[in-house]
>>> print(open('start24.cif').read())   # mmCIF, C-alpha atoms
data_data
#
loop_
_atom_site.label_atom_id
_atom_site.label_comp_id
_atom_site.auth_asym_id
_atom_site.auth_seq_id
_atom_site.Cartn_x
_atom_site.Cartn_y
_atom_site.Cartn_z
CA MET A 1 113.16 -5.95 119.94
CA THR A 2 112.56 -3.42 122.70
CA PHE A 3 114.33 -0.87 120.50
CA VAL A 4 111.75 -1.40 117.75
CA ILE A 5 108.89 -1.10 120.25
CA ASP A 6 110.34 2.12 121.66
CA ILE A 7 110.70 3.68 118.21
CA LEU A 8 107.19 2.56 117.26
CA LEU A 9 105.61 3.98 120.42
CA LEU A 10 107.50 7.27 120.16
CA ALA A 11 106.53 7.61 116.49
CA MET A 12 102.87 7.07 117.44
CA LEU A 13 103.24 9.66 120.20
CA ALA A 14 104.66 12.20 117.76
CA ALA A 15 101.92 11.46 115.24
CA THR A 16 99.24 11.93 117.92
CA ALA A 17 100.78 15.20 119.09
CA ILE A 18 100.95 16.61 115.54
CA THR A 19 97.35 15.53 114.89
CA ILE A 20 96.19 17.30 118.06
CA THR A 21 97.81 20.56 116.99
CA ARG A 22 96.22 20.36 113.55
CA LEU A 23 92.70 19.56 114.74
CA ARG A 24 90.03 22.20 115.04
CA SER A 25 87.50 19.95 116.74
CA LEU A 26 88.04 20.21 120.49
CA PHE A 27 86.14 16.98 121.13
CA ALA A 28 88.53 14.98 118.95
CA ALA A 29 91.50 16.79 120.50
CA ALA A 30 90.34 15.86 124.01
CA MET A 31 89.97 12.22 123.01
CA LEU A 32 93.41 12.25 121.37
CA THR A 33 95.04 13.65 124.51
CA GLY A 34 93.66 10.52 126.20
CA VAL A 35 95.29 8.42 123.46
CA TYR A 36 98.53 10.35 124.01
CA SER A 37 98.46 9.57 127.74
CA PHE A 38 97.80 5.93 127.04
CA LEU A 39 100.74 5.74 124.63
CA SER A 40 102.90 7.44 127.27
CA ALA A 41 101.78 4.80 129.74
CA CYS A 42 102.82 2.13 127.22
CA TRP A 43 106.36 3.36 126.81
CA MET A 44 106.70 3.95 130.54
CA THR A 45 105.87 0.26 130.92
CA ALA A 46 108.54 -0.47 128.30
CA LEU A 47 110.99 1.48 130.48
CA ASP A 48 110.00 -0.68 133.51
CA ALA A 49 108.41 2.29 135.31
CA VAL A 50 105.19 0.42 136.05
CA ASP A 51 103.98 2.67 138.85
CA VAL A 52 104.32 5.82 136.75
CA ALA A 53 102.65 4.07 133.82
CA PHE A 54 99.77 3.06 136.06
CA THR A 55 99.31 6.64 137.24
CA GLU A 56 99.54 7.99 133.70
CA ALA A 57 96.93 5.53 132.44
CA ALA A 58 94.55 6.20 135.34
CA VAL A 59 94.96 9.98 135.53
CA GLY A 60 95.94 11.00 132.01
CA ALA A 61 93.85 8.62 129.95
CA GLY A 62 91.02 8.22 132.45
CA ILE A 63 90.11 11.10 134.69
CA SER A 64 91.53 14.07 132.79
CA THR A 65 89.82 13.03 129.55
CA VAL A 66 86.48 12.83 131.35
CA ILE A 67 87.03 16.20 133.03
CA MET A 68 88.13 17.72 129.72
CA LEU A 69 84.90 16.46 128.10
CA ALA A 70 82.86 17.81 131.03
CA ALA A 71 84.54 21.17 130.50
CA LEU A 72 83.82 20.96 126.76
CA ALA A 73 80.12 20.56 127.54
CA LEU A 74 80.25 24.06 129.04
CA THR A 75 81.82 25.64 125.97
CA THR A 76 81.92 25.17 122.19
CA ARG A 77 83.19 22.10 120.35
CA GLU A 78 85.16 23.98 117.70
CA GLU A 79 88.33 25.96 118.14
CA LYS A 80 88.32 29.47 116.63
CA ARG A 81 90.79 30.22 113.88
CA PRO A 82 93.81 32.06 115.32
CA LYS A 83 94.17 35.66 114.15
CA HIS A 84 97.97 35.84 114.33
CA SER A 85 100.37 33.86 112.17
CA ARG A 86 101.64 30.50 113.37
CA ILE A 87 105.26 30.98 112.38
CA LEU A 88 106.42 32.61 115.62
CA PRO A 89 104.87 29.93 117.90
CA LEU A 90 106.33 27.22 115.67
CA PHE A 91 109.77 28.83 115.91
CA VAL A 92 109.53 29.10 119.74
CA VAL A 93 108.49 25.45 120.06
CA CYS A 94 111.25 24.23 117.72
CA ALA A 95 113.90 26.32 119.52
CA THR A 96 112.81 25.04 122.95
CA GLY A 97 112.78 21.47 121.67
CA ALA A 98 116.26 21.87 120.17
CA VAL A 99 117.61 23.25 123.49
CA LEU A 100 116.04 20.35 125.39
CA ILE A 101 117.56 17.78 123.01
CA TYR A 102 120.92 19.56 123.31
CA GLY A 103 120.57 19.23 127.10
CA THR A 104 120.06 15.47 126.88
CA LEU A 105 123.32 14.98 124.95
CA ASP A 106 125.29 15.33 128.20
CA MET A 107 123.15 12.81 130.05
CA PRO A 108 124.53 9.37 130.96
CA ARG A 109 123.23 6.41 128.94
CA PHE A 110 119.83 5.06 129.98
CA GLY A 111 120.21 2.53 132.79
CA ASP A 112 123.94 3.21 133.17
CA PRO A 113 124.91 1.88 136.63
CA ALA A 114 127.78 4.41 136.86
CA ALA A 115 125.42 7.38 136.41
CA PRO A 116 125.56 9.95 139.26
CA VAL A 117 121.88 9.36 140.09
CA HIS A 118 122.63 5.77 141.06
CA GLN A 119 125.54 6.70 143.32
CA THR A 120 124.02 8.70 146.20
CA VAL A 121 120.79 7.57 147.89
CA ALA A 122 119.57 5.06 145.30
CA PRO A 123 121.57 2.08 146.66
CA ARG A 124 120.13 2.65 150.13
CA TYR A 125 116.60 2.87 148.70
CA LEU A 126 117.07 -0.35 146.74
CA GLN A 127 118.24 -2.13 149.88
CA SER A 128 115.33 -0.75 151.91
CA TYR A 129 113.69 -4.17 152.12
CA GLU A 130 115.60 -4.90 155.33
CA GLU A 131 114.26 -1.71 156.91
CA THR A 132 110.66 -1.75 155.73
CA HIS A 133 109.97 -5.31 154.47
CA ILE A 134 108.04 -3.87 151.56
CA PRO A 135 108.77 -5.54 148.21
CA ASN A 136 107.72 -2.57 146.06
CA VAL A 137 110.61 -0.09 146.35
CA VAL A 138 108.53 2.69 144.79
CA THR A 139 105.96 2.49 147.58
CA SER A 140 108.56 2.52 150.35
CA VAL A 141 110.36 5.48 148.76
CA LEU A 142 107.14 7.43 148.16
CA ALA A 143 105.44 6.82 151.48
CA SER A 144 108.34 6.33 153.88
CA PHE A 145 111.66 7.80 152.70
CA ARG A 146 109.96 10.65 150.88
CA GLY A 147 106.97 10.98 153.20
CA TYR A 148 107.23 14.76 153.33
CA ASP A 149 107.05 15.05 149.54
CA THR A 150 103.96 12.85 149.37
CA LEU A 151 102.34 14.86 152.14
CA GLY A 152 103.00 17.97 150.06
CA GLU A 153 101.56 16.30 146.96
CA THR A 154 98.40 15.35 148.82
CA ALA A 155 98.13 18.94 150.01
CA VAL A 156 98.46 20.08 146.37
CA VAL A 157 95.61 17.76 145.30
CA PHE A 158 93.53 19.03 148.21
CA THR A 159 94.25 22.64 147.24
CA ALA A 160 93.29 21.91 143.64
CA GLY A 161 89.97 20.50 144.84
CA ILE A 162 89.33 23.58 146.99
CA GLY A 163 90.21 25.84 144.06
CA VAL A 164 87.74 24.13 141.75
CA MET A 165 85.09 24.22 144.47
CA LEU A 166 85.58 27.96 144.98
CA LEU A 167 85.39 28.68 141.28
CA LEU A 168 82.70 26.30 140.09
CA VAL A 169 80.58 25.00 142.94
CA ARG A 170 78.09 27.50 144.20
CA SER A 171 77.05 26.81 147.75
CA LYS A 172 73.46 26.56 148.91
CA ARG A 173 73.88 29.49 151.26
CA LEU A 174 75.03 31.76 148.44
CA LYS A 175 72.01 30.77 146.37
CA GLN A 176 69.66 31.46 149.26
CA ASP A 177 71.29 34.82 149.86
CA ARG A 178 70.85 35.74 146.25
CA LYS A 179 67.22 34.60 146.28
CA SER A 180 66.40 36.60 149.40
CA LYS A 181 68.19 39.64 147.98
CA ASN A 182 66.22 39.42 144.77
CA ASN A 183 62.98 39.04 146.70
CA GLU A 184 63.75 42.00 148.96
CA SER A 185 64.62 44.47 146.25
CA GLU A 186 62.04 42.96 143.88
CA GLU A 187 64.08 43.74 140.86
CA PRO A 188 62.64 43.03 137.43
CA ALA A 189 63.47 39.58 136.13
CA GLN A 190 65.70 40.94 133.37
CA ASP A 191 68.26 42.18 135.85
CA ASN A 192 68.95 38.78 137.37
CA PRO A 193 70.96 37.25 134.54
CA LYS A 194 72.98 40.46 134.26
CA LYS A 195 73.84 40.30 137.92
CA LYS A 196 74.97 36.72 137.66
CA ASP A 197 76.90 37.07 134.42
CA PRO A 198 80.12 38.78 135.50
CA LYS A 199 80.88 36.19 138.16
CA ASN A 200 80.20 33.29 135.81
CA HIS A 201 82.47 34.79 133.21
CA ILE A 202 85.33 35.21 135.63
CA ALA A 203 85.01 31.64 136.83
CA GLU A 204 84.81 30.21 133.33
CA ASN A 205 87.72 32.26 132.06
CA CYS A 206 89.88 31.08 134.92
CA ILE A 207 89.21 27.44 134.16
CA LEU A 208 89.21 27.53 130.40
CA MET B 1 71.25 7.79 129.44
CA LYS B 2 68.15 6.35 131.09
CA ARG B 3 66.98 4.52 127.94
CA HIS B 4 70.27 2.77 127.14
CA SER B 5 69.59 -0.50 128.87
CA VAL B 6 72.78 -2.14 127.52
CA LEU B 7 74.93 0.61 129.05
CA ARG B 8 73.08 0.42 132.34
CA VAL B 9 73.40 -3.33 132.63
CA VAL B 10 77.07 -3.39 131.62
CA ALA B 11 77.87 -0.52 134.00
CA LYS B 12 76.10 -2.29 136.84
CA LEU B 13 78.10 -5.41 136.07
CA PHE B 14 81.42 -3.55 135.98
CA LEU B 15 81.03 -1.14 138.88
CA PRO B 16 81.63 -3.55 141.77
CA TYR B 17 84.73 -4.93 140.05
CA ILE B 18 86.14 -1.44 139.41
CA LEU B 19 85.60 -0.52 143.05
CA LEU B 20 87.14 -3.80 144.19
CA PHE B 21 90.11 -3.25 141.89
CA ALA B 22 90.56 0.22 143.39
CA LEU B 23 90.66 -1.29 146.87
CA TYR B 24 93.10 -3.95 145.64
CA VAL B 25 95.39 -1.29 144.20
CA GLN B 26 95.09 0.66 147.45
CA PHE B 27 96.00 -2.13 149.85
CA HIS B 28 98.26 -4.12 147.54
CA GLY B 29 100.45 -1.12 146.74
CA ASP B 30 103.17 -2.46 149.05
CA PHE B 31 103.63 -5.54 146.88
CA GLY B 32 102.73 -4.57 143.33
CA PRO B 33 102.43 -1.38 141.33
CA GLY B 34 99.91 1.06 142.69
CA GLY B 35 99.19 2.98 145.84
CA GLY B 36 96.92 5.63 147.23
CA PHE B 37 97.01 7.99 144.29
CA GLN B 38 96.15 5.44 141.62
CA ALA B 39 93.55 3.77 143.83
CA GLY B 40 91.86 7.10 144.54
CA VAL B 41 91.67 7.89 140.85
CA ILE B 42 90.23 4.46 139.97
CA PHE B 43 87.68 4.76 142.77
CA ALA B 44 86.68 8.19 141.47
CA ALA B 45 86.49 6.82 137.91
CA ALA B 46 84.00 4.18 139.03
CA PHE B 47 81.95 6.90 140.67
CA ILE B 48 82.06 9.12 137.59
CA LEU B 49 80.90 6.18 135.46
CA TYR B 50 77.99 5.74 137.85
CA ALA B 51 77.13 9.43 137.58
CA LEU B 52 77.34 9.36 133.77
CA ILE B 53 75.04 6.36 133.42
CA PHE B 54 72.53 6.84 136.24
CA GLY B 55 72.40 10.62 136.37
CA LEU B 56 73.95 13.24 138.60
CA ARG B 57 71.05 13.36 141.02
CA THR B 58 71.39 9.65 141.84
CA ALA B 59 75.14 10.04 142.24
CA HIS B 60 74.63 12.99 144.60
CA LYS B 61 72.41 10.79 146.73
CA VAL B 62 75.28 8.32 147.17
CA ALA B 63 77.93 10.94 147.92
CA SER B 64 76.69 14.40 148.80
CA ALA B 65 78.89 17.45 148.35
CA ASP B 66 79.20 17.77 152.12
CA LEU B 67 80.45 14.20 152.48
CA LEU B 68 83.03 14.74 149.72
CA ARG B 69 84.18 17.95 151.37
CA ILE B 70 84.69 16.14 154.68
CA LEU B 71 86.53 13.24 153.01
CA MET B 72 88.81 15.63 151.12
CA ALA B 73 90.03 17.13 154.36
CA ALA B 74 89.93 13.86 156.31
CA GLY B 75 92.45 12.14 154.03
CA LEU B 76 95.00 14.92 154.34
CA LEU B 77 94.40 15.15 158.09
CA LEU B 78 94.92 11.39 158.46
CA TYR B 79 98.26 11.71 156.68
CA ALA B 80 99.36 14.69 158.75
CA SER B 81 98.18 13.18 162.03
CA VAL B 82 100.28 10.03 161.47
CA GLY B 83 103.25 12.40 161.65
CA ILE B 84 101.94 13.95 164.86
CA VAL B 85 101.51 10.49 166.43
CA THR B 86 105.09 9.53 165.56
CA MET B 87 106.24 12.78 167.18
CA LEU B 88 104.22 12.04 170.33
CA LYS B 89 105.82 8.59 170.45
CA GLY B 90 109.26 10.14 170.49
CA GLY B 91 110.32 10.07 166.85
CA ALA B 92 110.67 12.68 164.15
CA TYR B 93 107.70 13.83 162.05
CA LEU B 94 106.50 10.90 159.85
CA ASP B 95 109.16 8.54 161.26
CA TYR B 96 107.04 5.38 161.16
CA ASN B 97 109.61 3.31 163.08
CA PHE B 98 108.10 4.64 166.31
CA LEU B 99 104.48 3.67 165.54
CA ARG B 100 104.96 0.15 166.90
CA HIS B 101 107.54 -1.55 169.08
CA ASP B 102 108.98 -3.30 166.07
CA PRO B 103 110.25 -0.73 163.51
CA VAL B 104 109.30 -2.97 160.55
CA HIS B 105 105.71 -3.27 161.82
CA GLY B 106 105.71 0.47 162.39
CA GLN B 107 106.78 1.06 158.79
CA HIS B 108 103.98 -1.23 157.53
CA LEU B 109 101.31 0.48 159.60
CA GLY B 110 102.57 3.97 158.77
CA ILE B 111 102.68 3.36 155.03
CA LEU B 112 99.21 1.75 155.11
CA LEU B 113 97.67 4.73 156.93
CA VAL B 114 99.46 7.30 154.82
CA GLU B 115 98.43 5.64 151.56
CA LEU B 116 94.87 5.43 152.83
CA GLY B 117 94.93 9.17 153.49
CA VAL B 118 96.23 9.88 149.99
CA GLY B 119 93.59 7.60 148.44
CA VAL B 120 90.67 9.17 150.31
CA THR B 121 91.74 12.73 149.47
CA VAL B 122 92.43 11.98 145.80
CA ALA B 123 89.14 10.12 145.27
CA ALA B 124 87.10 12.89 146.96
CA VAL B 125 88.89 15.67 145.04
CA MET B 126 88.47 13.95 141.65
CA VAL B 127 84.75 13.36 142.19
CA THR B 128 84.34 16.95 143.43
CA ILE B 129 86.06 18.34 140.33
CA PHE B 130 83.85 16.22 138.07
CA PHE B 131 80.69 17.29 139.92
CA GLY B 132 81.89 20.90 139.76
CA PHE B 133 81.87 20.80 135.97
CA ALA B 134 78.87 18.53 135.45
CA ASP B 135 76.56 20.32 137.89
CA ARG B 136 77.12 23.64 136.17
CA LYS B 137 75.86 22.24 132.90
CA ASN B 138 72.61 21.15 134.50
CA ARG B 139 71.75 24.56 135.91
#
>>> encode(input="start24.cif", output="structure tokens")
Amino acid sequence: MTFVIDILLLAMLAATAITITRLRSLFAAAMLTGVYSFLSACWMTALDAVDVAFTEAAVGAGISTVIMLAALALTTREEKRPKHSRILPLFVVCATGAVLIYGTLDMPRFGDPAAPVHQTVAPRYLQSYEETHIPNVVTSVLASFRGYDTLGETAVVFTAGIGVMLLLVRSKRLKQDRKSKNNESEEPAQDNPKKKDPKNHIAENCIL
Amino acid sequence: MKRHSVLRVVAKLFLPYILLFALYVQFHGDFGPGGGFQAGVIFAAAFILYALIFGLRTAHKVASADLLRILMAAGLLLYASVGIVTMLKGGAYLDYNFLRHDPVHGQHLGILLVELGVGVTVAAVMVTIFFGFADRKNR
């Protein structure tokens, strides 16, 4: 039964991915990436990785879709037709995919207790209840055993926030400076948009 | 969206439950799926819903850019300072066993504080990113 569900979910994932590549409407593509994340969350649940599924559903299907739509509001809704042929990109994608599938052939079977991953630290993590008294192993691994990694991850999220703030959020002081500059030099009104333009373009190009 | 009374009423009905669910995910992460990251994102999602329905200006009144900036840093600092405290108490960096006399209690407290730090930072960053995009459109 689970086999059928897995095949069904993966088939839906593939169908969504192919639809996204064929769409020209960016709005529909953004919504479909949300669907893709939600389907990913579904099969992660089928693989018993509930924590990852939860994150995928909240981040992938929730927040990133909203942010993608907010970004779309700043630009057009239609993708431009590509000028070059699509054969080379298709070839690159197929070759990479084939190499990745070839790489998985060596992997141990899913859930195999004799797999090397389950031999080193995993047994200690699974018996961590005596040390931490926390029923959810994922939480104790993430926050306690791998506390350094999570600290690094939080720093990455923080850095991402700072990056977006630097690129997109213009501070009040900067605005006041610009206003006072414009008032001092008393430039004609036509020059103002020109002055602002280059910076806006750089910021938008970086994000989009 | 000021004229859509159905949306406004439904959003008002849902918002407290979304926020409560975020807090549940935050503090129940030890027992069930979830933790700081997911809770932060859900909290931010509730806030973004509020901003979408009631307008950006109202949302800015609830959480100003300055407050978000402080929270962003405060979460990460909380996380990092837990490590400093464990060092001052004689352990290694982020070794929660030293937070309390009983190592198990120390682990509980350490994980709670650390997850809280993650949640605060993630929620503030997500709302900041959303405001970053949405505010530009309004100018």
>>> interface_residues(input="start24.cif", of="chain A", to="chain B", cutoff="8 Å", atoms="only C-alpha atoms", output="count of residues only")
37
>>> resolve_selection(input="start24.cif", expression="the PyMOL selection byres ((chain A and resi 30) around 12)", output="JSON, numbers by chain")
{"A": [16, 17, 19, 20, 21, 23, 24, 25, 26, 27, 28, 29, 31, 32, 33, 34, 35, 36, 37, 60, 61, 62, 63, 64, 65, 66, 67, 68, 69, 70, 71, 72, 73, 77, 78, 79]}
>>> residues_around(input="start24.cif", residues="region 102-111 of chain A", least_positions_apart="6", cutoff="12 Å", atoms="only C-alpha atoms", output="mmCIF file with C-alpha atoms, keeping the file's coordinate frame")
data_model
loop_
_atom_site.group_PDB
_atom_site.id
_atom_site.type_symbol
_atom_site.label_atom_id
_atom_site.label_comp_id
_atom_site.auth_asym_id
_atom_site.auth_seq_id
_atom_site.Cartn_x
_atom_site.Cartn_y
_atom_site.Cartn_z
ATOM 1 C CA LEU A 47 110.990 1.480 130.480
ATOM 2 C CA ASP A 48 110.000 -0.680 133.510
ATOM 3 C CA ALA A 95 113.900 26.320 119.520
ATOM 4 C CA THR A 96 112.810 25.040 122.950
ATOM 5 C CA VAL A 117 121.880 9.360 140.090
ATOM 6 C CA HIS A 118 122.630 5.770 141.060
#
>>> resolve_selection(input="start24.cif", expression="the PyMOL selection byres ((chain A and resi 44) around 12)", output="list in words")
Ile5, Asp6, Leu9, Leu10, Ser37, Phe38, Leu39, Ser40, Ala41, Cys42, Trp43, Thr45, Ala46, Leu47, Asp48, Ala49, Val50, Asp51, Val52, Ala53, Phe54, Thr55, Glu56 and Ala57 of chain A
>>> resolve_selection(input="start24.cif", expression="the PyMOL selection byres ((chain B and resi 8-12) around 12)", output="PyMOL selection string")
chain B and resi 1-7+13-19+45-55
>>> atom_distance(input="start24.cif", atom1="CA of Thr86 (chain B)", atom2="CA of Arg146 (chain A)")
15.5 Å
>>> axis_aligned_box(input="start24.cif", around="region 86-93 of chain A", padding_each_side="5 Å", output="lines of an AutoDock Vina configuration file")
center_x = 105.7
center_y = 29.0
center_z = 116.2
size_x = 18.1
size_y = 17.2
size_z = 17.7
>>> atom_distance(input="start24.cif", atom1="CA of Leu23 (chain B)", atom2="CA of Leu109 (chain B)")
16.7 Å
>>> atom_distance(input="start24.cif", atom1="CA of Ile70 (chain B)", atom2="CA of Gly152 (chain A)")
19.0 Å
